[in-house]
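Asker: Following this line is structure.pdb, made up of PDB, C-alpha atoms and all ligand atoms:
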```
ATOM      1  CA  ARG A   1     219.544 111.426 -51.716  1.00  0.00           C
ATOM      2  CA  CYS A   2     217.104 109.363 -53.724  1.00  0.00           C
ATOM      3  CA  GLY A   3     214.882 110.132 -56.673  1.00  0.00           C
ATOM      4  CA  PHE A   4     212.462 108.644 -59.164  1.00  0.00           C
ATOM      5  CA  VAL A   5     213.291 109.466 -62.775  1.00  0.00           C
ATOM      6  CA  ALA A   6     210.744 108.681 -65.519  1.00  0.00           C
ATOM      7  CA  ILE A   7     211.987 108.131 -69.058  1.00  0.00           C
ATOM      8  CA  VAL A   8     209.180 109.028 -71.464  1.00  0.00           C
ATOM      9  CA  GLY A   9     208.765 109.166 -75.227  1.00  0.00           C
ATOM     10  CA  ARG A  10     206.974 107.464 -78.092  1.00  0.00           C
ATOM     11  CA  PRO A  11     208.051 103.987 -79.251  1.00  0.00           C
ATOM     12  CA  ASN A  12     211.401 103.686 -81.005  1.00  0.00           C
ATOM     13  CA  VAL A  13     213.026 106.889 -79.781  1.00  0.00           C
ATOM     14  CA  GLY A  14     215.539 104.915 -77.700  1.00  0.00           C
ATOM     15  CA  LYS A  15     214.101 104.782 -74.165  1.00  0.00           C
ATOM     16  CA  SER A  16     215.219 101.198 -73.507  1.00  0.00           C
ATOM     17  CA  THR A  17     218.618 101.809 -75.078  1.00  0.00           C
ATOM     18  CA  LEU A  18     219.124 104.827 -72.793  1.00  0.00           C
ATOM     19  CA  MET A  19     217.947 102.912 -69.744  1.00  0.00           C
ATOM     20  CA  ASN A  20     220.335 100.056 -70.465  1.00  0.00           C
ATOM     21  CA  ARG A  21     223.161 102.518 -71.050  1.00  0.00           C
ATOM     22  CA  ILE A  22     222.564 104.338 -67.764  1.00  0.00           C
ATOM     23  CA  LEU A  23     222.192 101.149 -65.763  1.00  0.00           C
ATOM     24  CA  GLY A  24     225.004  99.386 -67.578  1.00  0.00           C
ATOM     25  CA  GLN A  25     223.014  96.261 -68.261  1.00  0.00           C
ATOM     26  CA  LYS A  26     220.404  94.818 -70.580  1.00  0.00           C
ATOM     27  CA  ILE A  27     217.459  95.365 -68.273  1.00  0.00           C
ATOM     28  CA  SER A  28     215.001  96.593 -70.905  1.00  0.00           C
ATOM     29  CA  ILE A  29     214.305  94.980 -74.276  1.00  0.00           C
ATOM     30  CA  THR A  30     215.256  97.111 -77.289  1.00  0.00           C
ATOM     31  CA  SER A  31     213.834  96.535 -80.729  1.00  0.00           C
ATOM     32  CA  ARG A  32     212.544  98.148 -83.884  1.00  0.00           C
ATOM     33  CA  ARG A  33     209.032  96.891 -83.097  1.00  0.00           C
ATOM     34  CA  PRO A  34     206.870  99.325 -81.156  1.00  0.00           C
ATOM     35  CA  GLN A  35     205.409  98.341 -77.785  1.00  0.00           C
ATOM     36  CA  THR A  36     208.157  95.867 -76.969  1.00  0.00           C
ATOM     37  CA  THR A  37     207.913  97.253 -73.465  1.00  0.00           C
ATOM     38  CA  ARG A  38     204.356  96.846 -72.262  1.00  0.00           C
ATOM     39  CA  HIS A  39     205.076  96.929 -68.592  1.00  0.00           C
ATOM     40  CA  GLN A  40     207.107  99.341 -66.635  1.00  0.00           C
ATOM     41  CA  VAL A  41     210.751  98.484 -66.354  1.00  0.00           C
ATOM     42  CA  MET A  42     212.588  99.890 -63.363  1.00  0.00           C
ATOM     43  CA  GLY A  43     216.238 100.024 -62.552  1.00  0.00           C
ATOM     44  CA  ILE A  44     218.143 101.370 -59.595  1.00  0.00           C
ATOM     45  CA  LYS A  45     221.481 103.107 -59.904  1.00  0.00           C
ATOM     46  CA  THR A  46     223.487 103.831 -56.794  1.00  0.00           C
ATOM     47  CA  GLU A  47     226.257 106.394 -56.849  1.00  0.00           C
ATOM     48  CA  GLY A  48     227.857 107.038 -53.497  1.00  0.00           C
ATOM     49  CA  GLU A  49     225.114 108.431 -51.288  1.00  0.00           C
ATOM     50  CA  ALA A  50     222.735 109.029 -54.182  1.00  0.00           C
ATOM     51  CA  GLN A  51     220.246 106.531 -55.506  1.00  0.00           C
ATOM     52  CA  TYR A  52     218.295 106.926 -58.748  1.00  0.00           C
ATOM     53  CA  ILE A  53     215.278 104.828 -59.654  1.00  0.00           C
ATOM     54  CA  TYR A  54     214.800 104.941 -63.410  1.00  0.00           C
ATOM     55  CA  VAL A  55     211.402 104.008 -64.839  1.00  0.00           C
ATOM     56  CA  ASP A  56     210.895 103.224 -68.529  1.00  0.00           C
ATOM     57  CA  THR A  57     207.361 104.485 -69.123  1.00  0.00           C
ATOM     58  CA  PRO A  58     205.353 102.859 -71.929  1.00  0.00           C
ATOM     59  CA  GLY A  59     202.000 104.157 -73.106  1.00  0.00           C
ATOM     60  CA  ILE A  60     202.353 107.881 -72.655  1.00  0.00           C
ATOM     61  CA  HIS A  61     202.251 108.451 -76.414  1.00  0.00           C
ATOM     62  CA  ILE A  62     198.846 106.937 -77.157  1.00  0.00           C
ATOM     63  CA  LEU A  63     196.827 108.973 -79.642  1.00  0.00           C
ATOM     64  CA  GLU A  64     193.272 110.004 -78.778  1.00  0.00           C
ATOM     65  CA  LYS A  65     191.715 107.818 -81.479  1.00  0.00           C
ATOM     66  CA  ASP A  66     193.406 104.667 -80.092  1.00  0.00           C
ATOM     67  CA  ARG A  67     192.688 105.358 -76.428  1.00  0.00           C
ATOM     68  CA  ASN A  68     189.840 102.895 -76.020  1.00  0.00           C
ATOM     69  CA  LYS A  69     191.583  99.659 -76.916  1.00  0.00           C
ATOM     70  CA  ALA A  70     192.006  97.609 -73.734  1.00  0.00           C
ATOM     71  CA  ILE A  71     195.772  97.322 -73.993  1.00  0.00           C
ATOM     72  CA  ASN A  72     196.091 101.060 -74.597  1.00  0.00           C
ATOM     73  CA  ARG A  73     193.846 101.909 -71.658  1.00  0.00           C
ATOM     74  CA  PHE A  74     196.051  99.733 -69.489  1.00  0.00           C
ATOM     75  CA  MET A  75     199.269 101.317 -70.748  1.00  0.00           C
ATOM     76  CA  ASN A  76     197.856 104.801 -70.485  1.00  0.00           C
ATOM     77  CA  GLN A  77     196.924 104.249 -66.851  1.00  0.00           C
ATOM     78  CA  ALA A  78     200.384 102.931 -66.055  1.00  0.00           C
ATOM     79  CA  ALA A  79     201.965 105.969 -67.706  1.00  0.00           C
ATOM     80  CA  THR A  80     199.754 108.430 -65.835  1.00  0.00           C
ATOM     81  CA  GLN A  81     200.516 106.720 -62.543  1.00  0.00           C
ATOM     82  CA  ALA A  82     204.241 106.721 -63.229  1.00  0.00           C
ATOM     83  CA  LEU A  83     204.276 110.476 -63.826  1.00  0.00           C
ATOM     84  CA  ARG A  84     202.329 111.362 -60.720  1.00  0.00           C
ATOM     85  CA  ASP A  85     205.097 110.836 -58.198  1.00  0.00           C
ATOM     86  CA  VAL A  86     208.336 111.268 -60.115  1.00  0.00           C
ATOM     87  CA  ASP A  87     211.049 113.736 -59.150  1.00  0.00           C
ATOM     88  CA  CYS A  88     212.371 114.284 -62.649  1.00  0.00           C
ATOM     89  CA  VAL A  89     211.312 113.414 -66.203  1.00  0.00           C
ATOM     90  CA  VAL A  90     213.577 112.681 -69.151  1.00  0.00           C
ATOM     91  CA  PHE A  91     211.581 113.331 -72.342  1.00  0.00           C
ATOM     92  CA  ILE A  92     213.397 111.569 -75.131  1.00  0.00           C
ATOM     93  CA  ILE A  93     212.887 112.332 -78.818  1.00  0.00           C
ATOM     94  CA  ASP A  94     214.539 111.107 -82.015  1.00  0.00           C
ATOM     95  CA  ARG A  95     216.393 113.797 -83.945  1.00  0.00           C
ATOM     96  CA  THR A  96     215.575 112.065 -87.223  1.00  0.00           C
ATOM     97  CA  ARG A  97     211.798 111.997 -86.834  1.00  0.00           C
ATOM     98  CA  TRP A  98     209.164 114.126 -85.043  1.00  0.00           C
ATOM     99  CA  THR A  99     205.646 112.620 -85.068  1.00  0.00           C
ATOM    100  CA  ALA A 100     202.108 113.191 -83.783  1.00  0.00           C
ATOM    101  CA  GLU A 101     202.946 110.831 -80.922  1.00  0.00           C
ATOM    102  CA  ASP A 102     205.823 113.077 -79.832  1.00  0.00           C
ATOM    103  CA  GLN A 103     203.331 115.917 -79.822  1.00  0.00           C
ATOM    104  CA  VAL A 104     200.996 113.908 -77.552  1.00  0.00           C
ATOM    105  CA  VAL A 105     203.820 113.329 -75.075  1.00  0.00           C
ATOM    106  CA  LEU A 106     204.837 116.994 -75.165  1.00  0.00           C
ATOM    107  CA  GLU A 107     201.279 118.049 -74.386  1.00  0.00           C
ATOM    108  CA  ARG A 108     200.902 115.568 -71.540  1.00  0.00           C
ATOM    109  CA  LEU A 109     204.139 116.784 -69.993  1.00  0.00           C
ATOM    110  CA  ALA A 110     202.754 120.304 -69.742  1.00  0.00           C
ATOM    111  CA  ARG A 111     200.750 119.048 -66.762  1.00  0.00           C
ATOM    112  CA  VAL A 112     203.701 117.414 -65.001  1.00  0.00           C
ATOM    113  CA  GLU A 113     205.076 119.270 -62.013  1.00  0.00           C
ATOM    114  CA  ALA A 114     208.534 117.683 -61.913  1.00  0.00           C
ATOM    115  CA  PRO A 115     211.337 119.236 -63.967  1.00  0.00           C
ATOM    116  CA  VAL A 116     211.440 117.933 -67.545  1.00  0.00           C
ATOM    117  CA  ILE A 117     214.776 117.414 -69.279  1.00  0.00           C
ATOM    118  CA  LEU A 118     214.698 117.045 -73.063  1.00  0.00           C
ATOM    119  CA  ALA A 119     217.076 114.388 -74.423  1.00  0.00           C
ATOM    120  CA  VAL A 120     217.477 114.640 -78.193  1.00  0.00           C
ATOM    121  CA  ASN A 121     218.614 111.155 -79.174  1.00  0.00           C
ATOM    122  CA  LYS A 122     220.328 109.672 -82.243  1.00  0.00           C
ATOM    123  CA  VAL A 123     222.452 112.746 -82.868  1.00  0.00           C
ATOM    124  CA  ASP A 124     225.042 110.361 -84.320  1.00  0.00           C
ATOM    125  CA  ARG A 125     222.864 110.622 -87.430  1.00  0.00           C
ATOM    126  CA  LEU A 126     223.145 114.395 -87.402  1.00  0.00           C
ATOM    127  CA  LYS A 127     225.990 115.860 -89.422  1.00  0.00           C
ATOM    128  CA  ASP A 128     225.640 119.489 -88.427  1.00  0.00           C
ATOM    129  CA  LYS A 129     225.048 120.000 -84.696  1.00  0.00           C
ATOM    130  CA  SER A 130     224.086 123.638 -85.199  1.00  0.00           C
ATOM    131  CA  GLU A 131     220.862 122.427 -86.823  1.00  0.00           C
ATOM    132  CA  LEU A 132     219.591 121.087 -83.526  1.00  0.00           C
ATOM    133  CA  LEU A 133     217.977 124.150 -81.971  1.00  0.00           C
ATOM    134  CA  PRO A 134     216.406 125.443 -85.222  1.00  0.00           C
ATOM    135  CA  TRP A 135     214.965 121.960 -85.739  1.00  0.00           C
ATOM    136  CA  LEU A 136     213.453 121.905 -82.224  1.00  0.00           C
ATOM    137  CA  GLU A 137     211.988 125.313 -82.947  1.00  0.00           C
ATOM    138  CA  SER A 138     210.540 124.175 -86.286  1.00  0.00           C
ATOM    139  CA  VAL A 139     208.723 121.143 -84.841  1.00  0.00           C
ATOM    140  CA  GLY A 140     207.483 123.184 -81.890  1.00  0.00           C
ATOM    141  CA  ALA A 141     209.458 121.209 -79.309  1.00  0.00           C
ATOM    142  CA  ARG A 142     211.410 124.110 -77.876  1.00  0.00           C
ATOM    143  CA  ARG A 143     209.854 125.070 -74.573  1.00  0.00           C
ATOM    144  CA  ASP A 144     211.024 125.829 -71.100  1.00  0.00           C
ATOM    145  CA  PHE A 145     212.795 122.555 -70.431  1.00  0.00           C
ATOM    146  CA  ALA A 146     214.981 122.256 -67.360  1.00  0.00           C
ATOM    147  CA  ALA A 147     217.761 121.339 -69.798  1.00  0.00           C
ATOM    148  CA  ILE A 148     218.238 120.192 -73.383  1.00  0.00           C
ATOM    149  CA  VAL A 149     220.855 117.483 -73.892  1.00  0.00           C
ATOM    150  CA  PRO A 150     221.768 115.982 -77.275  1.00  0.00           C
ATOM    151  CA  ILE A 151     222.703 112.292 -76.894  1.00  0.00           C
ATOM    152  CA  ALA A 152     223.405 109.090 -78.787  1.00  0.00           C
ATOM    153  CA  ALA A 153     222.159 106.455 -76.353  1.00  0.00           C
ATOM    154  CA  LYS A 154     223.338 103.604 -78.561  1.00  0.00           C
ATOM    155  CA  HIS A 155     226.938 104.778 -78.328  1.00  0.00           C
ATOM    156  CA  GLY A 156     226.763 106.349 -74.870  1.00  0.00           C
ATOM    157  CA  THR A 157     227.569 109.797 -76.270  1.00  0.00           C
ATOM    158  CA  ASN A 158     226.748 112.562 -73.775  1.00  0.00           C
ATOM    159  CA  VAL A 159     224.828 110.154 -71.516  1.00  0.00           C
ATOM    160  CA  PRO A 160     226.961 111.069 -68.460  1.00  0.00           C
ATOM    161  CA  GLU A 161     226.094 114.738 -69.143  1.00  0.00           C
ATOM    162  CA  LEU A 162     222.404 113.806 -69.178  1.00  0.00           C
ATOM    163  CA  GLU A 163     222.807 111.972 -65.875  1.00  0.00           C
ATOM    164  CA  ALA A 164     224.519 115.032 -64.417  1.00  0.00           C
ATOM    165  CA  GLU A 165     221.521 117.177 -65.419  1.00  0.00           C
ATOM    166  CA  VAL A 166     219.193 114.672 -63.753  1.00  0.00           C
ATOM    167  CA  ALA A 167     221.277 114.816 -60.559  1.00  0.00           C
ATOM    168  CA  ARG A 168     221.182 118.618 -60.691  1.00  0.00           C
ATOM    169  CA  HIS A 169     217.369 118.667 -60.860  1.00  0.00           C
ATOM    170  CA  LEU A 170     216.519 116.145 -58.171  1.00  0.00           C
TER
HETATM  171  P1  LIG B   1     212.181 102.491 -77.290  1.00  0.00           P
HETATM  172  O1  LIG B   1     211.025 101.895 -78.039  1.00  0.00           O
HETATM  173  O2  LIG B   1     211.962 103.962 -77.072  1.00  0.00           O
HETATM  174  O3  LIG B   1     212.491 101.759 -76.026  1.00  0.00           O
HETATM  175  O4  LIG B   1     213.453 102.395 -78.276  1.00  0.00           O
HETATM  176  P2  LIG B   1     214.638 101.323 -78.285  1.00  0.00           P
HETATM  177  O5  LIG B   1     215.600 101.614 -77.169  1.00  0.00           O
HETATM  178  O6  LIG B   1     214.082  99.953 -78.357  1.00  0.00           O
HETATM  179  O7  LIG B   1     215.386 101.751 -79.650  1.00  0.00           O
HETATM  180  C1  LIG B   1     214.711 101.755 -80.904  1.00  0.00           C
HETATM  181  C2  LIG B   1     215.727 101.657 -82.029  1.00  0.00           C
HETATM  182  O8  LIG B   1     216.544 102.830 -82.088  1.00  0.00           O
HETATM  183  C3  LIG B   1     216.694 100.474 -81.871  1.00  0.00           C
HETATM  184  O9  LIG B   1     216.922  99.899 -83.136  1.00  0.00           O
HETATM  185  C4  LIG B   1     217.966 101.147 -81.328  1.00  0.00           C
HETATM  186  O10 LIG B   1     219.132 100.433 -81.649  1.00  0.00           O
HETATM  187  C5  LIG B   1     217.930 102.488 -82.047  1.00  0.00           C
HETATM  188  N1  LIG B   1     218.688 103.528 -81.316  1.00  0.00           N
HETATM  189  C6  LIG B   1     218.626 103.831 -80.003  1.00  0.00           C
HETATM  190  N2  LIG B   1     219.485 104.813 -79.668  1.00  0.00           N
HETATM  191  C7  LIG B   1     220.134 105.173 -80.815  1.00  0.00           C
HETATM  192  C8  LIG B   1     221.155 106.147 -81.130  1.00  0.00           C
HETATM  193  O11 LIG B   1     221.680 106.876 -80.277  1.00  0.00           O
HETATM  194  N3  LIG B   1     221.514 106.229 -82.445  1.00  0.00           N
HETATM  195  C9  LIG B   1     220.989 105.430 -83.413  1.00  0.00           C
HETATM  196  N4  LIG B   1     221.415 105.604 -84.662  1.00  0.00           N
HETATM  197  N5  LIG B   1     220.038 104.498 -83.154  1.00  0.00           N
HETATM  198  C10 LIG B   1     219.615 104.364 -81.878  1.00  0.00           C
HETATM  199 MG    MG B   2     211.470 100.218 -75.061  1.00  0.00          MG
END
```
Mind turning the file's structure into structure tokens?

Answerer:
Amino acid sequence: RCGFVAIVGRPNVGKSTLMNRILGQKISITSRRPQTTRHQVMGIKTEGEAQYIYVDTPGIHILEKDRNKAINRFMNQAATQALRDVDCVVFIIDRTRWTAEDQVVLERLARVEAPVILAVNKVDRLKDKSELLPWLESVGARRDFAAIVPIAAKHGTNVPELEAEVARHL
């Protein structure tokens, strides 16, 4: 079994951190600065007979008003291409902050045919876990996701559970 898994989300939600955590190496640059990843970063994880190709997808978050800058056009194209042929999408958001860029990603994912798993990252900053679903509801991010998995990519919390959901939906 083999599958392409796209990791999507606006800058700073923790895509690179998650990717590095899953692949067990520093393959993708993490930083507080947005757009550290301008090109696609791919990593392959082999587990027994199964092989997962993870793709860190920059550019999917670009707001309409910024679409025409050359660098944004380039990133937007790369993001669109990456989503065309994937088998599963991990949409990652930051529990501490929902923005217009998250909304852009959410809307673009409505057109994706592959199953979309929502990973709610940075839950280490969340004191009361029962607030999670009401919060998703309040920002309008609660839809028919294939699964919703709270994680803390930085600490590895619940990342194996997220990987299990990916395996289940390939
Ligand atoms: P990307 O732009 O989506 O690739 O985000 P990065 O992986 O570069 O992470 C952005 C920032 O969020 C970095 O400072 C990370 O250390 C931090 N970060 C990532 N995951 C977590 C997490 O689970 N908890 C906390 N508190 N911070 C995190
Ligand atoms: Mg990154």

Asker: Set the distance at 12 Å and use all atoms listed in the file: which residues neighbour Arg168 in chain A once local chain neighbours fewer than 6 positions away are removed? I'd like the list as a list in words.

Answerer: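 The residues that qualify are Arg1, Gly3, Ala50, Asp87, Cys88, Pro115, Val116, Ile117, Ala146, Ala147, Glu161 and Leu162 of chain A.
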
Asker: Using only C-alpha atoms, find the one residue out of A:Val8, A:Ala167, A:Ala70, A:Ala79 that sits nearest to Ile93 in chain A.

Answerer: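 Among the listed residues, the smallest separation from Ile93 in chain A belongs to A:Val8.
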
Asker: Which residues are close to range 107-113 of chain A, i.e. within 8 Å by all atoms listed in the file, leaving aside same-chain residues fewer than 5 positions away? Reply as a list in words.

Answerer: Ile60, Leu83 and Arg84 of chain A

Asker: Selection in question (the file shown): the PyMOL selection byres (((chain A and resi 97) around 12) and not hetatm). Which residues does it include, as number ranges by chain?

Answerer: A: 10-13, 92-96, 98-103, 120-123, 125-126, 135-136, 139

Asker: On this structure, which residues satisfy the PyMOL selection byres (((chain A and resi 75) around 8) and not hetatm), written as a short mmCIF file (atom, residue, chain, number, x, y, z; two decimals) with C-alpha atoms, keeping the file's coordinate frame?

Answerer:
```cif
data_model
loop_
_atom_site.label_atom_id
_atom_site.label_comp_id
_atom_site.auth_asym_id
_atom_site.auth_seq_id
_atom_site.Cartn_x
_atom_site.Cartn_y
_atom_site.Cartn_z
CA ARG A 38 204.36 96.85 -72.26
CA HIS A 39 205.08 96.93 -68.59
CA PRO A 58 205.35 102.86 -71.93
CA GLY A 59 202.00 104.16 -73.11
CA ILE A 60 202.35 107.88 -72.66
CA ILE A 71 195.77 97.32 -73.99
CA ASN A 72 196.09 101.06 -74.60
CA ARG A 73 193.85 101.91 -71.66
CA PHE A 74 196.05 99.73 -69.49
CA ASN A 76 197.86 104.80 -70.48
CA GLN A 77 196.92 104.25 -66.85
CA ALA A 78 200.38 102.93 -66.06
CA ALA A 79 201.96 105.97 -67.71
#
```

Asker: Tell me which residues the PyMOL selection byres (((chain A and resi 7) around 10) and not hetatm) grabs here, as a list in words.

Answerer: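 The output of the PyMOL selection byres (((chain A and resi 7) around 10) and not hetatm) on this file is Phe4, Val5, Ala6, Val8, Gly9, Gly14, Lys15, Ser16, Leu18, Met19, Tyr54, Val55, Asp56, Thr57, Pro58, Ala82, Leu83, Cys88, Val89, Val90, Phe91, Ile92, Val116, Ile117 and Ala119 of chain A.
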
Asker: Taking into account only C-alpha atoms and all ligand atoms, which residue in the set A:Asp124, A:Glu47, A:Asp66, A:Asp85 is nearest to ligand LIG 1 (chain B)?

Answerer: A:Asp124

Asker: Step by step, gather every atom of range 94-100 of chain A that the file lists, find the box along x, y and z that holds them, add 6 Å on each side, and finally give centre and edge lengths in Å to one decimal, as lines of an AutoDock Vina configuration file.

Answerer:
```
center_x = 209.3
center_y = 112.6
center_z = -84.6
size_x = 26.3
size_y = 15.0
size_z = 17.2
```

Asker: Measuring between only C-alpha atoms and all ligand atoms, which one of A:Cys2, A:Val41, A:Ile22, A:Val105 shows the shortest distance to ligand MG 2 (chain B)?

Answerer: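 Using only C-alpha atoms and all ligand atoms, ligand MG 2 (chain B) sits closest to A:Val41.
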